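Below is one structure, written out as structure tokens, with a few remarks after it.
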Amino acid sequence: MGGVREIEFTEHDVRTAPDDVLAALHDIYAAFEVESRPDVPPTPLELRVAEWRHAAAFVDERTWAAWSDGRVIAVSGTETERIGQNEHLLWSWVVVRPEHRRQGLGRRLLRPVLDQALAESRRVVMGSSWAQVPVGEAFARRFGAGQGLVERESELLLAGLDRDLMRRWIAEGPVRAAGYELVWVDGPVPDELVEAFCELHHVTNTAPREDLDMEDEHATPELLRQKEASHEAAGVEVIRCIARHAGSGVLAGFTDVYWHPAQPERVGQGWTAVHPDHRGKALGKWLKAAMAECMFERWPSAERVVTGNAYSNDAMIGINDEMGFKETRAEIVWQIPTDTLRVALNG
């Protein structure tokens with residue numbers, strides 16, 4: 001009589017899975033992107049496959065899929081960074097097509113996630129939902145997950161950017177931050193800067209984490225090089241702008257952006273961070289404005305910049321709002337003790 005009994009469950013490694021499997025997985029993820037934000041084209045297949053095939057060496061991604069009539073109707077997965085940090089948690093996700101919800105597929109696909117968490121002694125399982133798809137929150141709460149962080153996804157339409165304001169911020173930069181300079185890095189960080197940049201990158205741990213059960217993470221040259229190799233292999237272009245104190249050579253802050261030719265209209269804004277010892281000089285504005293002007297020259301096809309920040313990150317949201325970023329989606333990050341999930345699934 002149909003239902004779950006006719007569904008096939010499979011496990012896949014997205015680095016090595018056949019192209020047709022990746023296309024089927026991409027299809028369900030793209031459909032969910034459309035559901036959560038219907039006004040924006042989803043991630044192209046070419047880009048998603050490139051990121052899967054060329055994930056950084058330290059990333060372990062596992063995927064479990066439910067198939068019906070040759071189509072993936074539900075999927076779950078985990079992503080783990082094997083870096084010896086935050087080894088107590090496991091990042092996970094579950095996606096079910098709307099017409100197949102409330103049939104027990106999400107519960108069924110949580111089982112291998114739990115099994116992995118138990119096998120690796122991970123005491124916390126994390127995942128996220130979008131406020132625009134409220135069934136995700138209901139699913140998380142059904143198993144006893146608690147809210148750890150709420151993030152705001154924002155978008156800047158470059159056609160509406162006030163470039164006079166950006167030029168003013170750039171002109172004010174050397175005045176408000178006297179003695180500082182901007183250093184541009186197109187691609188891999190130069191060897192002579194890599195140690196200092198990794199040390200600077202630790203400032204990202206000062207970003208609000210609200211109630212997330214996470215530890216600080218620390219970049220190393222080895223991990224950075226693996227990420228850079230992953231981006232290069234996948235065809236992702238990365239530009240960084242670093243603020244440096246000219247007299248001492250100390251790196252004070254940075255911003256980075258990501259672009260791929262398969263999605264030429266979109267630029268992904270990564271981190272923008274300034275070390276606490278160097279705040280109060282408008283370095284964040286200088287960095288963001290300089291990068292905005294760079295994007296016009298480097299990627300003339302770009303139409304929008306997408307970024308995400310915790311709602312509690314008042315400083316960065318304030319800068320983004322001044323630039324014209326508008327909120328597009330709200331992401332809720334959930335966390336649940338592994339033992340709680342085990343009881344819920346076995347109950």
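Residue numbering restarts at 1 for every chain of the structure tokens, chains are lettered A, B, ... in their displayed order, and ligands are numbered from 1 as they appear.
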Please identify the helix (DSSP H, G or I) residues within segment 87-282 of chain A (assignment by DSSP from backbone atoms) and present them as a VMD selection string. chain A and resid 98 to 100 105 to 119 135 to 142 158 to 160 163 to 176 191 to 206 221 to 234 276 to 278
Which residues in segment 84-248 of chain A does DSSP call strand (DSSP E)? List them as a VMD selection string. chain A and resid 89 to 96 124 to 130 146 to 157 180 to 186 237 to 245
Based on the selection just made, write C-alpha atoms of those residues as a short mmCIF file (atom, residue, chain, number, x, y, z; two decimals), in the first residue's frame.
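Contents of selection_36.cif, freshly written:
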data_model
loop_
_atom_site.label_atom_id
_atom_site.label_comp_id
_atom_site.auth_asym_id
_atom_site.auth_seq_id
_atom_site.Cartn_x
_atom_site.Cartn_y
_atom_site.Cartn_z
CA LEU A 89 29.46 18.03 18.92
CA LEU A 90 28.11 16.71 15.64
CA TRP A 91 26.58 18.99 13.00
CA SER A 92 23.61 17.44 11.19
CA TRP A 93 20.59 18.12 8.99
CA VAL A 94 17.38 16.49 7.82
CA VAL A 95 15.41 17.54 4.72
CA VAL A 96 12.10 15.99 3.64
CA VAL A 124 25.68 17.21 21.45
CA VAL A 125 23.95 17.09 18.05
CA MET A 126 23.35 20.40 16.27
CA GLY A 127 21.31 21.43 13.26
CA SER A 128 19.41 24.41 11.93
CA SER A 129 16.04 25.42 10.54
CA TRP A 130 14.76 28.44 8.66
CA GLY A 146 16.77 23.69 22.33
CA GLN A 147 17.50 26.96 20.59
CA GLY A 148 21.19 27.81 20.66
CA LEU A 149 21.57 30.74 18.27
CA VAL A 150 19.43 32.80 15.92
CA GLU A 151 21.12 34.24 12.85
CA ARG A 152 19.96 36.76 10.32
CA GLU A 153 20.71 36.19 6.65
CA SER A 154 21.02 39.52 4.86
CA GLU A 155 21.42 40.58 1.25
CA LEU A 156 22.87 43.68 -0.33
CA LEU A 157 21.76 44.50 -3.86
CA TYR A 180 46.95 51.51 9.57
CA GLU A 181 46.99 50.22 5.99
CA LEU A 182 45.01 47.73 3.92
CA VAL A 183 46.68 44.61 2.54
CA TRP A 184 44.98 42.73 -0.28
CA VAL A 185 45.22 38.96 -0.67
CA ASP A 186 43.85 37.46 -3.86
CA GLU A 237 37.68 32.67 -5.94
CA VAL A 238 38.56 34.19 -2.57
CA ILE A 239 39.63 37.76 -1.86
CA ARG A 240 40.71 39.01 1.56
CA CYS A 241 41.34 42.53 2.73
CA ILE A 242 43.45 42.77 5.88
CA ALA A 243 43.97 45.83 8.07
CA ARG A 244 47.56 46.07 9.29
CA HIS A 245 49.24 48.46 11.69
#
So, counting only C-alpha atoms, which residue among A:Trp169, A:Trp259, A:Tyr311, A:Phe32 is closest to Glu210 of chain A? A:Tyr311
A:Gln263, A:Gln116, A:Ser248, A:Ser230: which is nearest Leu47 of chain A, counting only C-alpha atoms?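 Answer, going by the shortest atom-to-atom distance: A:Gln263.
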Using only C-alpha atoms, what does the table of segment 95-182 of chain A residues within 12 Å of segment 278-285 of chain A look like, with each row giving the shortest atom pair and its distance in Å to one decimal, sorted by chain and ascending number, as a tab-separated table?
residue	atom	partner	partner_atom	distance
A:Leu165	CA	A:Lys285	CA	10.3
A:Met166	CA	A:Lys285	CA	8.5
A:Arg167	CA	A:Lys285	CA	10.7
A:Arg168	CA	A:Lys285	CA	10.0
A:Trp169	CA	A:Lys285	CA	6.3
A:Ile170	CA	A:Lys285	CA	7.9
A:Ala171	CA	A:Lys285	CA	10.8
A:Glu172	CA	A:Ala282	CA	8.6
A:Gly173	CA	A:Leu283	CA	6.8
A:Pro174	CA	A:Leu283	CA	9.1
A:Val175	CA	A:Lys281	CA	9.0
A:Arg176	CA	A:Lys281	CA	5.4
A:Ala177	CA	A:Lys281	CA	5.1
A:Ala178	CA	A:Lys281	CA	8.5
A:Gly179	CA	A:Lys281	CA	10.8
A:Tyr180	CA	A:Leu283	CA	8.9
A:Glu181	CA	A:Leu283	CA	9.8
A:Leu182	CA	A:Leu283	CA	9.7
Might you pull out every residue within 10 Å of Ala56 of chain A, with only C-alpha atoms counted and same-chain residues fewer than 3 positions away left off, and present them as a list of chain:residue names?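 Surrounding residues, per the criterion: A:Glu51, A:Trp52, A:Arg53, A:Val59, A:Asp60, A:Glu81, A:Leu223, A:Leu224, A:Arg225, A:Gln226, A:Lys227, A:Glu228, A:Ala229, A:Ser230, A:His231, A:Ala233.
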If we count only C-alpha atoms, what is near Ala17 of chain A at a cut-off of 12 Å, once residues fewer than 6 positions away on the same chain are taken out, given as a PyMOL selection string? chain A and resi 10-11+23-25+49+52-53+61-64
